[in-house]
$ cat model.cif   # mmCIF, C-alpha atoms
data_my_file
#
loop_
_atom_site.group_PDB
_atom_site.id
_atom_site.type_symbol
_atom_site.label_atom_id
_atom_site.label_comp_id
_atom_site.auth_asym_id
_atom_site.auth_seq_id
_atom_site.Cartn_x
_atom_site.Cartn_y
_atom_site.Cartn_z
ATOM 1 C CA MET A 1 2.488 -8.434 3.000
ATOM 2 C CA GLY A 2 6.234 -8.977 3.119
ATOM 3 C CA GLY A 3 9.536 -7.995 1.663
ATOM 4 C CA ILE A 4 10.309 -4.764 3.437
ATOM 5 C CA LEU A 5 10.331 -5.047 7.205
ATOM 6 C CA VAL A 6 11.256 -2.661 10.011
ATOM 7 C CA SER A 7 13.387 -5.046 11.993
ATOM 8 C CA GLY A 8 15.510 -8.119 11.344
ATOM 9 C CA GLU A 9 19.006 -9.097 10.353
ATOM 10 C CA LYS A 10 18.782 -7.867 6.765
ATOM 11 C CA LYS A 11 20.023 -4.762 4.926
ATOM 12 C CA ARG A 12 19.185 -1.396 6.564
ATOM 13 C CA ILE A 13 18.348 1.478 4.236
ATOM 14 C CA THR A 14 17.496 5.010 5.373
ATOM 15 C CA VAL A 15 14.902 6.931 3.374
ATOM 16 C CA ASP A 16 13.305 10.355 3.731
ATOM 17 C CA ILE A 17 9.520 10.486 3.588
ATOM 18 C CA HIS A 18 7.572 13.681 4.320
ATOM 19 C CA ASN A 19 10.566 15.387 5.975
ATOM 20 C CA ARG A 20 11.415 12.522 8.301
ATOM 21 C CA SER A 21 13.952 9.723 8.117
ATOM 22 C CA TYR A 22 12.889 6.091 8.303
ATOM 23 C CA THR A 23 15.016 2.980 8.429
ATOM 24 C CA VAL A 24 13.712 0.222 6.226
ATOM 25 C CA VAL A 25 15.053 -3.301 6.696
ATOM 26 C CA GLY A 26 14.720 -5.956 4.045
ATOM 27 C CA THR A 27 16.276 -7.845 1.182
ATOM 28 C CA GLU A 28 15.373 -5.281 -1.485
ATOM 29 C CA SER A 29 18.002 -3.219 -3.334
ATOM 30 C CA GLU A 30 18.638 0.335 -2.187
ATOM 31 C CA SER A 31 17.356 1.746 -5.487
ATOM 32 C CA HIS A 32 14.096 -0.212 -5.169
ATOM 33 C CA VAL A 33 13.551 0.925 -1.566
ATOM 34 C CA LYS A 34 14.265 4.562 -2.528
ATOM 35 C CA LEU A 35 11.758 4.315 -5.385
ATOM 36 C CA VAL A 36 9.075 2.896 -3.083
ATOM 37 C CA ALA A 37 9.816 5.643 -0.524
ATOM 38 C CA SER A 38 9.515 8.365 -3.166
ATOM 39 C CA LEU A 39 6.120 6.960 -4.243
ATOM 40 C CA VAL A 40 4.887 7.032 -0.624
ATOM 41 C CA ASP A 41 6.220 10.585 -0.183
ATOM 42 C CA GLN A 42 4.479 11.683 -3.391
ATOM 43 C CA LYS A 43 1.177 10.084 -2.358
ATOM 44 C CA MET A 44 1.313 11.832 1.029
ATOM 45 C CA LYS A 45 1.840 15.163 -0.772
ATOM 46 C CA GLU A 46 -1.138 14.452 -3.058
ATOM 47 C CA ILE A 47 -3.426 13.689 -0.107
ATOM 48 C CA GLN A 48 -2.155 16.780 1.727
ATOM 49 C CA GLN A 49 -3.022 18.956 -1.274
ATOM 50 C CA MET A 50 -6.580 17.617 -1.179
ATOM 51 C CA ASN A 51 -6.960 18.293 2.546
ATOM 52 C CA GLN A 52 -4.426 20.677 4.036
ATOM 53 C CA SER A 53 -5.701 20.348 7.608
ATOM 54 C CA LEU A 54 -4.564 16.722 7.928
ATOM 55 C CA ASP A 55 -1.680 15.980 10.297
ATOM 56 C CA THR A 56 1.239 13.747 9.304
ATOM 57 C CA THR A 57 -0.198 10.657 11.011
ATOM 58 C CA SER A 58 -3.484 11.007 9.104
ATOM 59 C CA LEU A 59 -1.624 11.550 5.832
ATOM 60 C CA ALA A 60 0.429 8.422 6.484
ATOM 61 C CA VAL A 61 -2.577 6.304 7.508
ATOM 62 C CA LEU A 62 -4.628 7.436 4.499
ATOM 63 C CA THR A 63 -1.661 6.777 2.201
ATOM 64 C CA ALA A 64 -1.458 3.256 3.654
ATOM 65 C CA VAL A 65 -5.220 2.830 3.082
ATOM 66 C CA ASN A 66 -4.826 3.900 -0.559
ATOM 67 C CA ALA A 67 -1.847 1.620 -1.111
ATOM 68 C CA VAL A 68 -3.571 -1.424 0.409
ATOM 69 C CA ASN A 69 -6.691 -0.659 -1.640
ATOM 70 C CA ASP A 70 -4.628 -0.508 -4.846
ATOM 71 C CA TYR A 71 -2.925 -3.771 -3.903
ATOM 72 C CA MET A 72 -6.249 -5.547 -3.354
ATOM 73 C CA LYS A 73 -7.673 -4.295 -6.674
ATOM 74 C CA LEU A 74 -4.570 -5.461 -8.547
ATOM 75 C CA LYS A 75 -4.759 -8.828 -6.776
ATOM 76 C CA GLU A 76 -8.325 -9.260 -8.068
ATOM 77 C CA GLU A 77 -7.195 -8.349 -11.601
ATOM 78 C CA TYR A 78 -4.314 -10.798 -11.283
ATOM 79 C CA ALA A 79 -6.702 -13.588 -10.246
ATOM 80 C CA THR A 80 -8.974 -12.756 -13.197
ATOM 81 C CA LEU A 81 -6.046 -12.846 -15.616
ATOM 82 C CA LEU A 82 -4.817 -16.130 -14.127
ATOM 83 C CA GLY A 83 -8.303 -17.583 -14.577
ATOM 84 C CA SER A 84 -8.330 -16.482 -18.201
ATOM 85 C CA LEU A 85 -4.889 -18.079 -18.721
ATOM 86 C CA LYS A 86 -6.059 -21.375 -17.209
ATOM 87 C CA GLY A 87 -9.161 -21.269 -19.392
ATOM 88 C CA LYS A 88 -6.958 -21.105 -22.495
ATOM 89 C CA GLU A 89 -4.755 -23.965 -21.262
ATOM 90 C CA ASP A 90 -7.789 -26.192 -20.848
ATOM 91 C CA LYS A 91 -8.816 -25.775 -24.487
ATOM 92 C CA MET B 1 -2.887 5.256 -7.039
ATOM 93 C CA GLY B 2 -6.603 6.004 -6.875
ATOM 94 C CA GLY B 3 -9.955 4.752 -5.725
ATOM 95 C CA ILE B 4 -10.044 5.866 -2.123
ATOM 96 C CA LEU B 5 -9.502 9.578 -1.642
ATOM 97 C CA VAL B 6 -9.664 11.878 1.361
ATOM 98 C CA SER B 7 -11.700 14.622 -0.229
ATOM 99 C CA GLY B 8 -14.250 14.935 -2.997
ATOM 100 C CA GLU B 9 -17.969 14.686 -3.582
ATOM 101 C CA LYS B 10 -18.206 10.906 -3.098
ATOM 102 C CA LYS B 11 -19.331 8.603 -0.281
ATOM 103 C CA ARG B 12 -17.829 9.307 3.175
ATOM 104 C CA ILE B 13 -17.014 6.306 5.341
ATOM 105 C CA THR B 14 -15.557 6.489 8.853
ATOM 106 C CA VAL B 15 -13.097 3.787 9.874
ATOM 107 C CA ASP B 16 -11.038 3.144 12.999
ATOM 108 C CA ILE B 17 -7.336 2.504 12.479
ATOM 109 C CA HIS B 18 -4.882 2.212 15.368
ATOM 110 C CA ASN B 19 -7.317 3.798 17.861
ATOM 111 C CA ARG B 20 -8.181 6.828 15.751
ATOM 112 C CA SER B 21 -11.068 7.587 13.422
ATOM 113 C CA TYR B 22 -10.466 8.489 9.786
ATOM 114 C CA THR B 23 -12.910 9.576 7.130
ATOM 115 C CA VAL B 24 -12.318 7.912 3.810
ATOM 116 C CA VAL B 25 -14.003 9.328 0.714
ATOM 117 C CA GLY B 26 -14.430 7.336 -2.452
ATOM 118 C CA THR B 27 -16.648 5.204 -4.625
ATOM 119 C CA GLU B 28 -15.872 1.915 -2.842
ATOM 120 C CA SER B 29 -18.493 0.025 -0.816
ATOM 121 C CA GLU B 30 -18.476 0.418 2.950
ATOM 122 C CA SER B 31 -17.572 -3.262 3.436
ATOM 123 C CA HIS B 32 -14.573 -2.932 1.106
ATOM 124 C CA VAL B 33 -13.324 0.221 2.847
ATOM 125 C CA LYS B 34 -13.725 -1.436 6.280
ATOM 126 C CA LEU B 35 -11.777 -4.476 5.053
ATOM 127 C CA VAL B 36 -8.944 -2.293 3.733
ATOM 128 C CA ALA B 37 -8.903 -0.352 7.019
ATOM 129 C CA SER B 38 -8.704 -3.562 9.046
ATOM 130 C CA LEU B 39 -5.751 -4.752 6.926
ATOM 131 C CA VAL B 40 -3.938 -1.438 7.518
ATOM 132 C CA ASP B 41 -4.694 -1.642 11.256
ATOM 133 C CA GLN B 42 -3.412 -5.238 11.367
ATOM 134 C CA LYS B 43 -0.223 -4.385 9.455
ATOM 135 C CA MET B 44 0.476 -1.449 11.800
ATOM 136 C CA LYS B 45 0.099 -3.823 14.773
ATOM 137 C CA GLU B 46 2.515 -6.313 13.156
ATOM 138 C CA ILE B 47 5.149 -3.625 12.575
ATOM 139 C CA GLN B 48 4.633 -2.342 16.125
ATOM 140 C CA GLN B 49 5.295 -5.819 17.508
ATOM 141 C CA MET B 50 8.619 -5.890 15.663
ATOM 142 C CA ASN B 51 9.640 -2.456 16.937
ATOM 143 C CA GLN B 52 7.718 -1.175 19.932
ATOM 144 C CA SER B 53 9.438 2.231 20.046
ATOM 145 C CA LEU B 54 7.851 3.393 16.777
ATOM 146 C CA ASP B 55 5.227 6.171 16.942
ATOM 147 C CA THR B 56 1.938 6.043 15.042
ATOM 148 C CA THR B 57 3.214 8.136 12.126
ATOM 149 C CA SER B 58 6.193 5.812 11.622
ATOM 150 C CA LEU B 59 3.963 2.737 11.827
ATOM 151 C CA ALA B 60 1.645 4.203 9.200
ATOM 152 C CA VAL B 61 4.483 5.349 6.900
ATOM 153 C CA LEU B 62 6.159 1.933 7.099
ATOM 154 C CA THR B 63 2.812 0.231 6.448
ATOM 155 C CA ALA B 64 2.436 2.406 3.342
ATOM 156 C CA VAL B 65 5.993 1.514 2.278
ATOM 157 C CA ASN B 66 5.198 -2.194 2.642
ATOM 158 C CA ALA B 67 1.921 -1.889 0.741
ATOM 159 C CA VAL B 68 3.487 0.079 -2.134
ATOM 160 C CA ASN B 69 6.312 -2.461 -2.273
ATOM 161 C CA ASP B 70 3.801 -5.337 -2.441
ATOM 162 C CA TYR B 71 1.869 -3.451 -5.125
ATOM 163 C CA MET B 72 4.984 -2.991 -7.267
ATOM 164 C CA LYS B 73 5.990 -6.667 -6.941
ATOM 165 C CA LEU B 74 2.497 -7.809 -7.895
ATOM 166 C CA LYS B 75 2.494 -5.393 -10.843
ATOM 167 C CA GLU B 76 5.673 -7.058 -12.137
ATOM 168 C CA GLU B 77 4.099 -10.505 -11.712
ATOM 169 C CA TYR B 78 0.985 -9.240 -13.491
ATOM 170 C CA ALA B 79 3.082 -8.011 -16.425
ATOM 171 C CA THR B 80 4.896 -11.367 -16.586
ATOM 172 C CA LEU B 81 1.601 -13.267 -16.556
ATOM 173 C CA LEU B 82 0.185 -10.966 -19.239
ATOM 174 C CA GLY B 83 3.268 -11.606 -21.367
ATOM 175 C CA SER B 84 2.810 -15.347 -20.934
ATOM 176 C CA LEU B 85 -0.867 -15.041 -21.930
ATOM 177 C CA LYS B 86 0.034 -13.063 -25.060
ATOM 178 C CA GLY B 87 2.681 -15.667 -25.930
ATOM 179 C CA LYS B 88 0.001 -18.359 -25.889
ATOM 180 C CA GLU B 89 -2.344 -16.291 -28.036
ATOM 181 C CA ASP B 90 0.342 -15.892 -30.685
ATOM 182 C CA LYS B 91 0.762 -19.651 -31.025
#
$ encode --input "model.cif" --output "structure tokens"
Amino acid sequence: MGGILVSGEKKRITVDIHNRSYTVVGTESESHVKLVASLVDQKMKEIQQMNQSLDTTSLAVLTAVNAVNDYMKLKEEYATLLGSLKGKEDK
Amino acid sequence: MGGILVSGEKKRITVDIHNRSYTVVGTESESHVKLVASLVDQKMKEIQQMNQSLDTTSLAVLTAVNAVNDYMKLKEEYATLLGSLKGKEDK
């Protein structure tokens, strides 16, 4: 995984997620980083609604688990699509 | 985002991430959930190495931010590839 990092010499953007401020460092535009942050914030809220006894760390970890799971599923779909594209090229 | 949830009537799988246990509920296989958990754990360690003053919540939130960012980038690439595939079909 890359793109947005927490340290480095790149642009620093501050975002609010679940009532706390985080500094995100990377090459992405501010609007992109704010969009990503709002999606993470929203996902944490969704998980909290399903289980209101979870602390912030658990919400954050489970949000990360969901996001990585979604990424892996999409990566599989991407590979399948790429395979289908190559199949057509070979014809 | 979907697939792995924290509540519901589905399979419950316990994973260790950053020295704590979490129960993940979903339809995924145990091996898949353990793989996702190990990726999250690894990413949290990587971010910690870059900034050792971060607490567990921050590490997890920033891991989620990275994963959602990766997901969005891959989704764009997927859409581009799909467009290219459709272009070929039209020929």
$ closest_atom_pairs --input "model.cif" --of "chain B" --to "chain A" --cutoff "7 Å" --atoms "all atoms listed in the file" --output "JSON lines"
{"residue": "B:Met1", "atom": "CA", "partner": "A:Asp70", "partner_atom": "CA", "distance": 6.4}
{"residue": "B:Gly2", "atom": "CA", "partner": "A:Asn66", "partner_atom": "CA", "distance": 6.9}
{"residue": "B:Ile4", "atom": "CA", "partner": "A:Asn66", "partner_atom": "CA", "distance": 5.8}
{"residue": "B:Val6", "atom": "CA", "partner": "A:Ile47", "partner_atom": "CA", "distance": 6.7}
{"residue": "B:Ser7", "atom": "CA", "partner": "A:Met50", "partner_atom": "CA", "distance": 6.0}
{"residue": "B:Val36", "atom": "CA", "partner": "A:Asn69", "partner_atom": "CA", "distance": 6.1}
{"residue": "B:Ala37", "atom": "CA", "partner": "A:Val65", "partner_atom": "CA", "distance": 6.3}
{"residue": "B:Val40", "atom": "CA", "partner": "A:Val65", "partner_atom": "CA", "distance": 6.3}
{"residue": "B:Ile47", "atom": "CA", "partner": "A:Val6", "partner_atom": "CA", "distance": 6.7}
{"residue": "B:Met50", "atom": "CA", "partner": "A:Ser7", "partner_atom": "CA", "distance": 6.1}
{"residue": "B:Asn51", "atom": "CA", "partner": "A:Ser7", "partner_atom": "CA", "distance": 6.7}
{"residue": "B:Thr56", "atom": "CA", "partner": "A:Thr57", "partner_atom": "CA", "distance": 6.5}
{"residue": "B:Thr57", "atom": "CA", "partner": "A:Thr57", "partner_atom": "CA", "distance": 4.4}
{"residue": "B:Ala60", "atom": "CA", "partner": "A:Val61", "partner_atom": "CA", "distance": 5.0}
{"residue": "B:Val61", "atom": "CA", "partner": "A:Ala60", "partner_atom": "CA", "distance": 5.1}
{"residue": "B:Thr63", "atom": "CA", "partner": "A:Ala64", "partner_atom": "CA", "distance": 5.9}
{"residue": "B:Ala64", "atom": "CA", "partner": "A:Ala64", "partner_atom": "CA", "distance": 4.0}
{"residue": "B:Val65", "atom": "CA", "partner": "A:Ala37", "partner_atom": "CA", "distance": 6.3}
{"residue": "B:Asn66", "atom": "CA", "partner": "A:Ile4", "partner_atom": "CA", "distance": 5.8}
{"residue": "B:Ala67", "atom": "CA", "partner": "A:Ala67", "partner_atom": "CA", "distance": 5.5}
{"residue": "B:Val68", "atom": "CA", "partner": "A:Ala67", "partner_atom": "CA", "distance": 5.6}
{"residue": "B:Asn69", "atom": "CA", "partner": "A:Val36", "partner_atom": "CA", "distance": 6.1}
{"residue": "B:Asp70", "atom": "CA", "partner": "A:Met1", "partner_atom": "CA", "distance": 6.4}
{"residue": "B:Tyr71", "atom": "CA", "partner": "A:Tyr71", "partner_atom": "CA", "distance": 5.0}
{"residue": "B:Tyr78", "atom": "CA", "partner": "A:Tyr78", "partner_atom": "CA", "distance": 5.9}
{"residue": "B:Leu85", "atom": "CA", "partner": "A:Leu85", "partner_atom": "CA", "distance": 6.0}
$ atom_distance --input "model.cif" --atom1 "atom CA of A:Thr14" --atom2 "atom CA of B:Gln52"
18.6 Å
$ resolve_selection --input "model.cif" --expression "the PyMOL selection byres ((chain B and resi 12) around 6)" --output "list in words"
Lys11, Ile13, Val24 and Val25 of chain B
$ calpha_fit_and_write --input "model.cif" --fixed "chain A" --moving "chain B" --output "CSV table (one decimal) with C-alpha atoms, keeping the file's coordinate frame"
chain,number,residue,atom,x,y,z
B,1,MET,CA,2.4,-8.3,3.3
B,2,GLY,CA,6.2,-8.8,3.4
B,3,GLY,CA,9.4,-7.9,1.8
B,4,ILE,CA,10.3,-4.6,3.6
B,5,LEU,CA,10.4,-4.9,7.4
B,6,VAL,CA,11.4,-2.5,10.1
B,7,SER,CA,13.5,-4.9,12.1
B,8,GLY,CA,15.5,-8.0,11.5
B,9,GLU,CA,19.0,-9.0,10.5
B,10,LYS,CA,18.8,-7.8,6.9
B,11,LYS,CA,20.0,-4.7,5.0
B,12,ARG,CA,19.3,-1.3,6.6
B,13,ILE,CA,18.4,1.6,4.3
B,14,THR,CA,17.6,5.1,5.4
B,15,VAL,CA,15.0,7.0,3.4
B,16,ASP,CA,13.4,10.5,3.7
B,17,ILE,CA,9.6,10.6,3.6
B,18,HIS,CA,7.7,13.8,4.3
B,19,ASN,CA,10.7,15.5,5.9
B,20,ARG,CA,11.6,12.7,8.3
B,21,SER,CA,14.1,9.9,8.1
B,22,TYR,CA,13.1,6.3,8.3
B,23,THR,CA,15.2,3.1,8.5
B,24,VAL,CA,13.8,0.4,6.3
B,25,VAL,CA,15.1,-3.2,6.8
B,26,GLY,CA,14.7,-5.9,4.2
B,27,THR,CA,16.2,-7.8,1.3
B,28,GLU,CA,15.3,-5.3,-1.4
B,29,SER,CA,17.9,-3.2,-3.3
B,30,GLU,CA,18.6,0.3,-2.1
B,31,SER,CA,17.3,1.7,-5.5
B,32,HIS,CA,14.0,-0.2,-5.1
B,33,VAL,CA,13.5,1.0,-1.5
B,34,LYS,CA,14.3,4.6,-2.5
B,35,LEU,CA,11.7,4.3,-5.3
B,36,VAL,CA,9.0,2.9,-3.0
B,37,ALA,CA,9.8,5.7,-0.5
B,38,SER,CA,9.5,8.4,-3.1
B,39,LEU,CA,6.1,7.0,-4.2
B,40,VAL,CA,4.9,7.1,-0.5
B,41,ASP,CA,6.2,10.7,-0.2
B,42,GLN,CA,4.5,11.7,-3.4
B,43,LYS,CA,1.2,10.1,-2.4
B,44,MET,CA,1.3,11.8,1.0
B,45,LYS,CA,1.8,15.2,-0.8
B,46,GLU,CA,-1.1,14.5,-3.1
B,47,ILE,CA,-3.4,13.7,-0.1
B,48,GLN,CA,-2.1,16.8,1.7
B,49,GLN,CA,-3.0,18.9,-1.3
B,50,MET,CA,-6.6,17.6,-1.1
B,51,ASN,CA,-6.9,18.3,2.6
B,52,GLN,CA,-4.3,20.6,4.1
B,53,SER,CA,-5.5,20.2,7.7
B,54,LEU,CA,-4.4,16.6,7.9
B,55,ASP,CA,-1.4,15.8,10.2
B,56,THR,CA,1.5,13.5,9.1
B,57,THR,CA,0.1,10.4,10.8
B,58,SER,CA,-3.3,10.9,9.0
B,59,LEU,CA,-1.5,11.4,5.7
B,60,ALA,CA,0.5,8.3,6.2
B,61,VAL,CA,-2.4,6.2,7.3
B,62,LEU,CA,-4.5,7.3,4.4
B,63,THR,CA,-1.6,6.6,2.0
B,64,ALA,CA,-1.5,3.1,3.5
B,65,VAL,CA,-5.2,2.7,3.0
B,66,ASN,CA,-4.9,3.8,-0.6
B,67,ALA,CA,-2.0,1.4,-1.3
B,68,VAL,CA,-3.7,-1.6,0.3
B,69,ASN,CA,-6.9,-0.8,-1.6
B,70,ASP,CA,-4.9,-0.7,-4.9
B,71,TYR,CA,-3.2,-3.9,-3.9
B,72,MET,CA,-6.5,-5.7,-3.3
B,73,LYS,CA,-7.9,-4.4,-6.7
B,74,LEU,CA,-4.8,-5.6,-8.5
B,75,LYS,CA,-5.0,-8.9,-6.8
B,76,GLU,CA,-8.5,-9.4,-8.1
B,77,GLU,CA,-7.4,-8.5,-11.6
B,78,TYR,CA,-4.5,-10.9,-11.3
B,79,ALA,CA,-6.9,-13.7,-10.3
B,80,THR,CA,-9.1,-12.9,-13.2
B,81,LEU,CA,-6.2,-12.9,-15.6
B,82,LEU,CA,-4.9,-16.2,-14.2
B,83,GLY,CA,-8.4,-17.7,-14.7
B,84,SER,CA,-8.4,-16.5,-18.3
B,85,LEU,CA,-4.9,-18.0,-18.8
B,86,LYS,CA,-6.1,-21.4,-17.3
B,87,GLY,CA,-9.2,-21.3,-19.6
B,88,LYS,CA,-6.9,-21.0,-22.6
B,89,GLU,CA,-4.7,-23.9,-21.4
B,90,ASP,CA,-7.7,-26.1,-21.1
B,91,LYS,CA,-8.7,-25.6,-24.7
$ axis_aligned_box --input "model.cif" --around "stretch 23-31 of chain B" --padding-each-side "6 Å" --output "lines of an AutoDock Vina configuration file"
center_x = -15.4
center_y = 3.2
center_z = 1.3
size_x = 18.2
size_y = 24.8
size_z = 23.8
$ build_atoms --input "model.cif" --residues "stretch 21-42 of chain B" --atoms "N, CA, C and O atoms" --output "compact mmCIF listing (two decimals), in the coordinates of the input"
# COMPACT_ATOMS: atom_id res chain seq x y z
N SER B 21 -10.08 7.64 14.50
CA SER B 21 -11.07 7.59 13.42
C SER B 21 -10.58 8.37 12.21
O SER B 21 -10.00 9.45 12.36
N TYR B 22 -10.83 7.81 11.04
CA TYR B 22 -10.47 8.49 9.79
C TYR B 22 -11.67 8.46 8.86
O TYR B 22 -12.39 7.47 8.82
N THR B 23 -11.85 9.55 8.13
CA THR B 23 -12.91 9.58 7.13
C THR B 23 -12.30 9.33 5.76
O THR B 23 -11.39 10.04 5.34
N VAL B 24 -12.81 8.31 5.12
CA VAL B 24 -12.32 7.91 3.81
C VAL B 24 -13.41 8.27 2.81
O VAL B 24 -14.58 7.99 3.03
N VAL B 25 -13.03 8.93 1.72
CA VAL B 25 -14.00 9.33 0.71
C VAL B 25 -13.68 8.64 -0.60
O VAL B 25 -12.53 8.66 -1.05
N GLY B 26 -14.68 8.02 -1.19
CA GLY B 26 -14.43 7.34 -2.45
C GLY B 26 -15.67 6.65 -2.96
O GLY B 26 -16.76 6.83 -2.41
N THR B 27 -15.51 5.88 -3.99
CA THR B 27 -16.65 5.20 -4.62
C THR B 27 -16.79 3.76 -4.14
O THR B 27 -17.73 3.07 -4.52
N GLU B 28 -15.86 3.31 -3.31
CA GLU B 28 -15.87 1.92 -2.84
C GLU B 28 -17.04 1.67 -1.88
O GLU B 28 -17.50 2.58 -1.21
N SER B 29 -17.44 0.40 -1.77
CA SER B 29 -18.49 0.02 -0.82
C SER B 29 -17.96 0.14 0.60
O SER B 29 -16.74 0.06 0.84
N GLU B 30 -18.88 0.31 1.55
CA GLU B 30 -18.48 0.42 2.95
C GLU B 30 -17.74 -0.84 3.40
O GLU B 30 -16.73 -0.75 4.10
N SER B 31 -18.21 -2.02 2.99
CA SER B 31 -17.57 -3.26 3.44
C SER B 31 -16.14 -3.36 2.90
O SER B 31 -15.24 -3.81 3.61
N HIS B 32 -15.93 -2.90 1.67
CA HIS B 32 -14.57 -2.93 1.11
C HIS B 32 -13.64 -1.98 1.87
O HIS B 32 -12.52 -2.35 2.23
N VAL B 33 -14.14 -0.77 2.13
CA VAL B 33 -13.32 0.22 2.85
C VAL B 33 -12.98 -0.28 4.25
O VAL B 33 -11.85 -0.16 4.71
N LYS B 34 -13.96 -0.90 4.92
CA LYS B 34 -13.72 -1.44 6.28
C LYS B 34 -12.70 -2.57 6.24
O LYS B 34 -11.87 -2.70 7.14
N LEU B 35 -12.75 -3.39 5.20
CA LEU B 35 -11.78 -4.48 5.05
C LEU B 35 -10.37 -3.91 4.87
O LEU B 35 -9.41 -4.35 5.52
N VAL B 36 -10.25 -2.93 3.97
CA VAL B 36 -8.94 -2.29 3.73
C VAL B 36 -8.42 -1.68 5.04
O VAL B 36 -7.26 -1.87 5.41
N ALA B 37 -9.30 -0.99 5.76
CA ALA B 37 -8.90 -0.35 7.02
C ALA B 37 -8.43 -1.39 8.03
O ALA B 37 -7.43 -1.18 8.73
N SER B 38 -9.10 -2.54 8.08
CA SER B 38 -8.70 -3.56 9.05
C SER B 38 -7.35 -4.17 8.67
O SER B 38 -6.55 -4.52 9.53
N LEU B 39 -7.07 -4.26 7.37
CA LEU B 39 -5.75 -4.75 6.93
C LEU B 39 -4.64 -3.77 7.31
O LEU B 39 -3.56 -4.18 7.74
N VAL B 40 -4.92 -2.47 7.15
CA VAL B 40 -3.94 -1.44 7.52
C VAL B 40 -3.71 -1.48 9.03
O VAL B 40 -2.56 -1.48 9.50
N ASP B 41 -4.78 -1.57 9.79
CA ASP B 41 -4.69 -1.64 11.26
C ASP B 41 -3.85 -2.85 11.69
O ASP B 41 -2.96 -2.73 12.55
N GLN B 42 -4.13 -3.99 11.06
CA GLN B 42 -3.41 -5.24 11.37
C GLN B 42 -1.92 -5.12 11.03
O GLN B 42 -1.06 -5.53 11.81
